[in-house]
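Everything below belongs to entry_11.tsv, which stores TSV, C-alpha atoms and all ligand atoms.
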```tsv
chain	number	residue	atom	x	y	z
A	1	MET	CA	130.25	132.18	108.12
A	2	PHE	CA	129.45	132.79	111.75
A	3	GLY	CA	127.68	136.11	112.13
A	4	TYR	CA	127.57	136.43	115.86
A	5	SER	CA	126.17	139.90	115.97
A	6	SER	CA	122.75	140.57	114.55
A	7	ALA	CA	124.36	143.19	112.31
A	8	HIS	CA	125.92	140.36	110.27
A	9	ALA	CA	122.75	138.55	109.34
A	10	SER	CA	119.06	139.25	109.62
A	11	PRO	CA	117.63	137.12	112.45
A	12	SER	CA	115.55	134.84	110.28
A	13	SER	CA	117.56	134.89	107.06
A	14	GLY	CA	118.72	131.31	107.47
A	15	THR	CA	115.29	130.04	108.47
A	16	ASN	CA	113.56	131.55	105.47
A	17	LYS	CA	116.13	130.24	103.04
A	18	PHE	CA	115.79	126.85	104.62
A	19	GLN	CA	112.01	126.86	104.56
A	20	GLY	CA	112.02	127.49	100.80
A	21	TYR	CA	114.37	124.57	100.39
A	22	ALA	CA	112.14	122.37	102.53
A	23	SER	CA	108.98	122.94	100.54
A	24	GLN	CA	110.71	122.17	97.23
A	25	GLN	CA	111.49	118.67	98.45
A	26	THR	CA	107.94	117.45	99.04
A	27	ARG	CA	106.86	117.09	95.48
A	28	PRO	CA	104.65	114.44	93.88
A	29	GLY	CA	106.69	111.33	93.15
A	30	SER	CA	109.31	112.00	95.83
A	31	HIS	CA	109.89	109.51	98.62
A	32	ARG	CA	108.34	111.97	101.03
A	33	TRP	CA	105.20	112.25	98.97
A	34	LYS	CA	104.74	108.46	98.87
A	35	ASN	CA	105.06	108.28	102.64
A	36	ALA	CA	102.82	111.26	103.27
A	37	LYS	CA	99.74	109.31	104.21
A	38	LYS	CA	101.20	106.26	105.93
A	39	GLY	CA	103.03	107.79	108.89
A	40	LEU	CA	106.44	106.47	109.79
A	41	GLN	CA	108.39	105.03	112.63
A	42	PHE	CA	111.85	106.54	112.93
A	43	THR	CA	114.46	105.96	115.61
A	44	VAL	CA	117.68	107.84	116.31
A	45	MET	CA	120.29	107.22	119.01
A	46	THR	CA	122.38	110.04	120.46
A	47	VAL	CA	125.84	109.16	121.77
A	48	GLY	CA	128.53	111.47	123.07
A	49	CYS	CA	130.59	112.29	126.13
A	50	PRO	CA	128.86	113.89	129.12
A	51	GLY	CA	127.89	117.53	128.81
A	52	LEU	CA	128.23	117.83	125.02
A	53	GLY	CA	124.68	119.10	124.65
A	54	ARG	CA	122.72	115.93	123.83
A	55	THR	CA	119.72	116.86	125.95
A	56	THR	CA	119.62	120.39	124.56
A	57	PHE	CA	119.98	119.01	121.03
A	58	ILE	CA	117.11	116.54	121.45
A	59	ASN	CA	114.81	119.28	122.73
A	60	THR	CA	115.91	121.60	119.92
A	61	LEU	CA	115.34	118.88	117.32
A	62	CYS	CA	111.89	117.96	118.62
A	63	GLU	CA	110.98	121.64	119.10
A	64	LYS	CA	109.69	120.94	122.57
A	65	GLN	CA	110.98	119.93	125.93
A	66	VAL	CA	111.16	116.17	125.59
A	67	LEU	CA	113.75	115.90	128.36
A	68	PRO	CA	114.14	118.10	131.42
A	69	SER	CA	117.00	120.52	130.67
A	70	VAL	CA	118.74	120.00	133.96
A	71	GLU	CA	118.46	116.55	135.41
A	72	ILE	CA	118.68	117.00	139.14
A	73	GLY	CA	120.51	114.09	140.71
A	74	ASN	CA	120.94	113.10	144.29
A	75	PRO	CA	123.74	115.27	145.79
A	76	GLU	CA	124.83	112.40	148.03
A	77	THR	CA	125.64	110.19	145.05
A	78	ALA	CA	126.71	112.96	142.63
A	79	HIS	CA	130.40	112.05	142.95
A	80	GLU	CA	129.77	108.44	141.93
A	81	VAL	CA	130.22	107.51	138.29
A	82	GLN	CA	126.84	106.57	136.91
A	83	PRO	CA	126.59	103.55	134.60
A	84	MET	CA	125.60	104.20	130.99
A	85	THR	CA	121.89	103.78	130.39
A	86	PHE	CA	119.62	103.75	127.33
A	87	LYS	CA	116.79	106.22	127.65
A	88	PRO	CA	114.19	106.16	124.88
A	89	TYR	CA	111.83	109.11	124.41
A	90	ASN	CA	108.94	108.99	122.01
A	91	VAL	CA	107.58	112.07	120.29
A	92	GLU	CA	104.73	112.19	117.80
A	93	MET	CA	105.68	114.67	115.12
A	94	GLU	CA	104.36	115.99	111.87
A	95	GLU	CA	106.81	117.14	109.22
A	96	ASP	CA	105.39	118.61	106.02
A	97	GLY	CA	102.11	116.77	106.59
A	98	ILE	CA	103.79	113.44	107.33
A	99	LYS	CA	103.23	111.82	110.69
A	100	ILE	CA	106.39	110.53	112.32
A	101	SER	CA	106.47	108.45	115.44
A	102	PHE	CA	109.93	109.58	116.43
A	103	THR	CA	111.99	107.83	119.07
A	104	VAL	CA	115.23	109.26	120.41
A	105	ILE	CA	117.38	106.98	122.51
A	106	ASP	CA	119.80	108.92	124.64
A	107	THR	CA	122.81	107.24	126.25
A	108	PRO	CA	123.71	109.24	129.37
A	109	GLY	CA	126.88	108.07	131.05
A	110	PHE	CA	128.66	107.12	127.80
A	111	GLY	CA	132.40	107.83	127.76
A	112	ASN	CA	132.66	108.73	131.42
A	113	GLY	CA	136.17	107.31	131.30
A	114	ILE	CA	135.76	104.34	133.59
A	115	ASN	CA	135.00	101.50	131.27
A	116	ASN	CA	134.45	102.70	127.75
A	117	GLU	CA	135.04	99.24	126.26
A	118	GLU	CA	132.01	98.09	128.18
A	119	HIS	CA	130.02	101.00	126.71
A	120	PHE	CA	130.95	100.04	123.13
A	121	LYS	CA	129.79	96.49	123.81
A	122	GLN	CA	126.53	97.66	125.35
A	123	ILE	CA	125.71	99.90	122.40
A	124	VAL	CA	126.46	97.16	119.85
A	125	HIS	CA	124.42	94.75	121.94
A	126	TYR	CA	121.50	97.18	122.05
A	127	LEU	CA	121.55	97.63	118.25
A	128	GLU	CA	121.87	93.89	117.59
A	129	THR	CA	119.10	93.01	120.01
A	130	ARG	CA	116.71	95.21	118.02
A	131	TYR	CA	117.78	93.34	114.84
A	132	GLU	CA	117.31	90.07	116.67
A	133	GLU	CA	113.74	91.01	117.57
A	134	THR	CA	112.96	91.83	113.95
A	135	LEU	CA	114.54	88.60	112.78
A	136	ALA	CA	112.53	86.58	115.29
A	137	GLU	CA	109.35	88.31	114.12
A	138	GLU	CA	110.14	87.69	110.44
A	139	THR	CA	110.68	84.00	110.98
A	140	ARG	CA	107.43	83.45	112.89
A	141	ILE	CA	104.80	81.47	111.08
A	142	LYS	CA	102.10	83.84	112.25
A	143	ARG	CA	103.20	87.48	112.36
A	144	ASN	CA	102.22	89.72	115.23
A	145	PRO	CA	100.29	92.63	113.68
A	146	LYS	CA	101.23	94.81	116.65
A	147	PHE	CA	104.97	94.17	116.37
A	148	LYS	CA	106.91	97.40	116.85
A	149	ASP	CA	110.07	97.70	114.82
A	150	ASN	CA	112.58	99.21	117.21
A	151	ARG	CA	115.61	99.13	114.94
A	152	VAL	CA	117.77	102.25	115.19
A	153	HIS	CA	117.99	104.09	111.86
A	154	ALA	CA	120.73	106.57	112.69
A	155	LEU	CA	123.25	107.17	115.43
A	156	LEU	CA	124.26	110.77	115.95
A	157	TYR	CA	127.75	110.79	117.34
A	158	PHE	CA	128.67	113.98	119.22
A	159	ILE	CA	132.32	114.88	118.66
A	160	THR	CA	133.99	117.06	121.30
A	161	PRO	CA	135.00	120.36	119.64
A	162	THR	CA	138.68	120.07	120.58
A	163	GLY	CA	140.01	121.44	117.29
A	164	HIS	CA	142.51	118.54	117.19
A	165	GLY	CA	140.69	115.84	115.26
A	166	LEU	CA	139.11	112.63	116.53
A	167	ARG	CA	140.07	111.08	119.83
A	168	GLU	CA	140.64	107.38	120.36
A	169	LEU	CA	137.24	107.04	122.02
A	170	ASP	CA	135.49	108.58	118.99
A	171	ILE	CA	137.33	106.35	116.55
A	172	LYS	CA	136.70	103.18	118.53
A	173	LEU	CA	133.00	103.83	119.07
A	174	MET	CA	132.24	104.76	115.47
A	175	LYS	CA	134.23	101.79	114.14
A	176	ARG	CA	132.45	99.38	116.45
A	177	VAL	CA	128.92	100.46	115.55
A	178	GLY	CA	129.41	101.47	111.90
A	179	ASN	CA	128.35	98.11	110.46
A	180	ARG	CA	125.18	98.01	112.56
A	181	VAL	CA	123.81	101.55	112.20
A	182	ASN	CA	124.05	104.65	110.01
A	183	VAL	CA	126.57	106.77	111.91
A	184	ILE	CA	126.21	110.52	111.42
A	185	PRO	CA	129.12	112.44	112.97
A	186	ILE	CA	128.37	115.88	114.37
A	187	VAL	CA	130.54	118.56	115.96
A	188	ALA	CA	128.90	119.33	119.30
A	189	LYS	CA	128.79	122.93	120.59
A	190	SER	CA	130.27	124.15	117.33
A	191	ASP	CA	129.85	127.76	118.47
A	192	SER	CA	132.93	127.23	120.64
A	193	LEU	CA	135.14	127.24	117.50
A	194	THR	CA	135.82	130.17	115.19
A	195	VAL	CA	134.91	129.86	111.50
A	196	ASP	CA	138.47	128.96	110.52
A	197	GLU	CA	138.90	126.57	113.43
A	198	LEU	CA	135.63	124.86	112.61
A	199	ASN	CA	136.51	124.42	108.93
A	200	ALA	CA	139.94	123.05	109.80
A	201	PHE	CA	138.42	120.77	112.45
A	202	LYS	CA	135.80	119.41	110.04
A	203	LYS	CA	138.53	118.68	107.51
A	204	ARG	CA	140.68	116.90	110.09
A	205	VAL	CA	137.75	114.81	111.33
A	206	MET	CA	136.96	113.68	107.79
A	207	GLU	CA	140.61	112.83	107.18
A	208	ASP	CA	140.58	110.72	110.35
A	209	ILE	CA	137.36	109.03	109.27
A	210	ASP	CA	139.02	108.21	105.97
A	211	ASN	CA	142.37	107.12	107.41
A	212	PHE	CA	140.85	104.92	110.08
A	213	ARG	CA	138.26	103.56	107.61
A	214	ILE	CA	135.34	104.43	109.84
A	215	PRO	CA	132.06	103.46	108.19
A	216	ILE	CA	129.71	106.44	108.38
A	217	TYR	CA	126.57	107.47	106.52
A	218	ASN	CA	128.10	109.63	103.82
A	219	PHE	CA	125.03	110.38	101.68
A	220	PRO	CA	125.62	107.63	99.14
A	221	TYR	CA	124.66	108.31	95.55
A	222	ASP	CA	125.19	106.80	92.17
A	223	ALA	CA	126.20	109.50	89.69
A	224	GLU	CA	124.91	107.35	86.81
A	225	GLU	CA	121.69	105.96	88.29
A	226	ASP	CA	120.41	108.83	90.45
A	227	ASP	CA	118.84	112.00	89.08
A	228	GLU	CA	120.95	115.15	88.95
A	229	GLU	CA	119.08	116.79	91.80
A	230	THR	CA	119.70	113.87	94.18
A	231	VAL	CA	123.37	113.70	93.23
A	232	GLU	CA	123.79	117.42	93.78
A	233	GLU	CA	121.91	117.39	97.10
A	234	ASN	CA	123.91	114.43	98.44
A	235	ARG	CA	127.18	115.92	97.27
A	236	GLU	CA	126.41	119.14	99.14
A	237	LEU	CA	125.43	117.30	102.32
A	238	ARG	CA	128.56	115.14	102.15
A	239	GLN	CA	130.61	118.33	101.96
A	240	LEU	CA	129.03	119.49	105.22
A	241	LEU	CA	130.10	116.42	107.21
A	242	PRO	CA	130.57	116.39	110.16
A	243	PHE	CA	127.53	118.61	110.80
A	244	ALA	CA	128.35	121.56	113.04
A	245	ILE	CA	125.63	121.80	115.68
A	246	VAL	CA	124.41	124.45	118.06
A	247	GLY	CA	121.53	123.68	120.38
A	248	SER	CA	119.41	126.03	122.45
A	249	GLU	CA	116.08	126.24	124.14
A	250	GLU	CA	116.16	130.03	124.38
A	251	GLU	CA	113.67	131.71	122.08
A	252	LEU	CA	113.32	135.28	120.89
A	253	VAL	CA	110.71	137.00	118.79
A	254	ASP	CA	112.34	138.98	115.98
A	255	GLN	CA	111.10	142.25	114.44
A	256	GLU	CA	108.92	140.32	111.96
A	257	GLY	CA	107.26	138.38	114.77
A	258	SER	CA	109.02	135.07	114.01
A	259	VAL	CA	110.32	132.94	116.83
A	260	VAL	CA	114.08	132.53	116.61
A	261	ARG	CA	116.07	130.03	118.67
A	262	VAL	CA	119.30	131.55	119.84
A	263	ARG	CA	122.24	131.36	122.19
A	264	THR	CA	122.95	134.81	123.53
A	265	TYR	CA	126.50	135.93	124.26
A	266	PRO	CA	127.87	139.29	125.43
A	267	TRP	CA	128.98	140.02	121.85
A	268	GLY	CA	125.90	138.82	119.95
A	269	ARG	CA	123.70	135.87	119.13
A	270	VAL	CA	124.05	132.49	117.48
A	271	GLU	CA	120.88	131.43	115.71
A	272	VAL	CA	120.26	127.71	115.78
A	273	ASP	CA	118.25	127.62	112.52
A	274	ASN	CA	120.44	130.03	110.60
A	275	THR	CA	122.41	128.04	108.04
A	276	GLU	CA	125.12	130.70	108.14
A	277	HIS	CA	125.65	130.09	111.83
A	278	CYS	CA	125.60	126.28	111.98
A	279	ASP	CA	124.37	123.14	110.19
A	280	PHE	CA	121.51	122.37	112.59
A	281	ALA	CA	118.70	123.21	110.13
A	282	ARG	CA	120.27	121.13	107.38
A	283	LEU	CA	120.83	118.20	109.71
A	284	ARG	CA	117.27	118.38	110.98
A	285	PHE	CA	115.84	118.58	107.49
A	286	MET	CA	117.87	115.71	106.13
A	287	LEU	CA	117.13	113.55	109.18
A	288	LEU	CA	113.39	114.08	109.49
A	289	ASN	CA	112.61	114.93	105.91
A	290	SER	CA	114.76	114.44	102.82
A	291	HIS	CA	116.84	111.43	103.93
A	292	LEU	CA	114.55	109.73	106.41
A	293	SER	CA	113.51	107.07	103.87
A	294	ASP	CA	117.07	106.52	102.75
A	295	LEU	CA	118.24	105.98	106.32
A	296	LYS	CA	115.44	103.49	106.87
A	297	GLU	CA	116.14	101.69	103.61
A	298	ILE	CA	119.86	101.37	104.29
A	299	THR	CA	119.08	100.07	107.77
A	300	HIS	CA	116.75	97.42	106.41
A	301	ASP	CA	118.35	96.52	103.08
A	302	ILE	CA	122.02	96.63	104.00
A	303	LEU	CA	122.77	96.80	107.73
A	304	TYR	CA	120.00	94.49	108.93
A	305	GLU	CA	120.42	92.21	105.91
A	306	ASN	CA	124.14	91.80	106.69
A	307	TYR	CA	123.32	91.02	110.29
A	308	ARG	CA	120.69	88.49	109.21
A	309	THR	CA	123.07	86.76	106.80
A	310	GLU	CA	125.82	86.57	109.43
A	311	LYS	CA	123.41	85.24	111.98
A	312	LEU	CA	121.79	82.64	109.77
A	313	SER	CA	125.08	81.40	108.35
A	314	ASP	CA	126.44	81.09	111.88
A	315	GLU	CA	123.40	79.05	112.85
A	316	ASN	CA	123.74	76.83	109.76
A	317	ALA	CA	127.42	76.33	110.45
A	318	GLY	CA	126.52	75.42	114.02
A	319	GLU	CA	123.96	72.87	112.82
A	320	SER	CA	126.41	71.28	110.37
A	321	GLY	CA	128.64	70.49	113.33
A	322	ILE	CA	131.51	72.75	112.27
A	323	PRO	CA	132.50	75.03	115.14
A	324	VAL	CA	131.51	78.62	114.36
A	325	GLU	CA	135.01	79.91	115.25
A	326	ALA	CA	136.49	77.68	112.56
A	327	GLN	CA	134.48	79.37	109.76
B	401	LIG	N1	128.12	126.64	123.75
B	401	LIG	C1	127.16	125.71	123.68
B	401	LIG	N2	126.65	125.20	124.81
B	401	LIG	C2	125.68	124.29	124.71
B	401	LIG	C3	125.18	123.83	123.46
B	401	LIG	N3	124.22	122.90	123.68
B	401	LIG	C4	124.10	122.79	125.01
B	401	LIG	N4	124.97	123.61	125.63
B	401	LIG	C5	125.15	123.80	127.08
B	401	LIG	O1	125.96	122.74	127.59
B	401	LIG	C6	125.50	122.34	128.89
B	401	LIG	C7	125.19	120.85	128.89
B	401	LIG	O2	124.11	120.63	128.01
B	401	LIG	P1	123.20	119.32	128.06
B	401	LIG	O3	122.24	119.42	126.96
B	401	LIG	O4	122.67	119.11	129.43
B	401	LIG	O5	124.32	118.22	127.75
B	401	LIG	P2	124.18	116.64	127.83
B	401	LIG	O6	125.08	116.09	126.78
B	401	LIG	O7	122.77	116.21	127.76
B	401	LIG	O8	124.78	116.36	129.28
B	401	LIG	P3	124.68	115.01	130.14
B	401	LIG	O9	123.31	114.44	129.96
B	401	LIG	O10	124.98	115.47	131.53
B	401	LIG	O11	125.74	114.10	129.60
B	401	LIG	C8	124.31	123.24	129.20
B	401	LIG	O12	124.76	124.33	129.94
B	401	LIG	C9	123.84	123.71	127.84
B	401	LIG	O13	123.18	124.95	127.86
B	401	LIG	C10	125.75	124.40	122.28
B	401	LIG	O14	125.41	124.06	121.15
B	401	LIG	N5	126.74	125.33	122.45
B	402	MG	MG	121.65	115.05	129.10
```

Let's see the structure in the file written out as structure tokens.
Ligand SMILES: Nc1nc2c(ncn2[C@@H]2O[C@H](COP(=O)(O)OP(=O)(O)OP(=O)(O)O)[C@@H](O)[C@H]2O)c(=O)[nH]1
Ligand SMILES: [Mg+2]
Amino acid sequence: MFGYSSAHASPSSGTNKFQGYASQQTRPGSHRWKNAKKGLQFTVMTVGCPGLGRTTFINTLCEKQVLPSVEIGNPETAHEVQPMTFKPYNVEMEEDGIKISFTVIDTPGFGNGINNEEHFKQIVHYLETRYEETLAEETRIKRNPKFKDNRVHALLYFITPTGHGLRELDIKLMKRVGNRVNVIPIVAKSDSLTVDELNAFKKRVMEDIDNFRIPIYNFPYDAEEDDEETVEENRELRQLLPFAIVGSEEELVDQEGSVVRVRTYPWGRVEVDNTEHCDFARLRFMLLNSHLSDLKEITHDILYENYRTEKLSDENAGESGIPVEAQ
């Protein structure tokens, strides 16, 4: 439930609950534990229409100002539609004692309404080029020890909080990239919907995802193979989809001295890390902690592997003299 006024929830209630949850997950034998010493490379792409809060979200996620909050453009060219660009930002992080070399690739200019088809192509091309680089490296006789794996492990798609379900742009983009990257749908600026509106919107979005057969990362589990805890955790996270997000760089110190990230309104506050206010804390935890390995594994074992198979069979078909289109 949204508790906008501080009378509804103690300022740090969500954070504390979440922190307890976080520490339970790093236990000996868990994926996180195995990765604790190595340090990991992890890459996420953020895609969404202009002004949906991507910059604010990235800074909130990284807990520091990775991007300037307001990008001051040239007033003389402000009316011109800017082309979509790919802007990678690298942040060295430490989560529960695990070093993460985290890269966020933002895509400003996406969906500005001029040529969205071109944007879909560019994003697919970007993702496939990273696969191509890995494939080229794998097939070298002598590997480059300094090779940096730039494959994108998750794409966070920012859905406009219209209350009406997915728009054509959302459907097209997610369908186009879904076989190349783990798509995680999120409701941007979810504080602009009431509790009932948000629940109804989430339901409608998931119905659309189902009806249009959009491949997303839906916390896959095997009820027979996986342990009960994993099944339960994934089931809960699947229920939350699409994650309702609130971002903010405004910080307050509560009565207990803890720093709380909030958005302040005339009627009260929305706390970013409070799980009763939005799903930000659960998204952050799953992304950078509990499901980081799973996202990487799916990228490598399924998405990249499919790309590799397609690519190599195309090449073989080409060599055998049969036109690729005829396959
Ligand atoms: N209500 C609400 N406003 C938000 C939220 N996140 C960001 N904003 C506000 O929305 C405006 C745009 O935020 P940005 O983070 O610059 O959005 P962006 O997607 O990076 O925008 P472009 O880079 O211009 O496409 C700012 O005024 C933010 O303060 C949110 O979760 N809820
Ligand atoms: Mg921005």

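Between atom CA of Ile186 of chain A and atom CA of Thr60 of chain A there is a distance of 14.8 Å.
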
Give the residues close to ligand MG 402 (chain B), within 7 Å, counting all atoms listed in the file; write them as a PyMOL selection string.
chain A and resi 51+53-55+108

I'd like the box whose edges run along x, y and z of the file and which contains every listed atom of ligand LIG 401 (chain B), padded by 8 Å per side; could you state its centre and edge lengths in Å, one decimal, as AutoDock Vina command-line options?
```
--center_x 125.2 --center_y 120.4 --center_z 126.3 --size_x 21.9 --size_y 28.5 --size_z 26.4
```

Between atom CA of Thr139 of chain A and atom CA of Ile298 of chain A, what distance in Å does the model show, to one decimal?
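Result for atom CA of Thr139 of chain A versus atom CA of Ile298 of chain A: 20.8 Å, one decimal.
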
Atom CA of Lys189 of chain A sits from atom CA of Ala244 of chain A at a separation of 7.7 Å
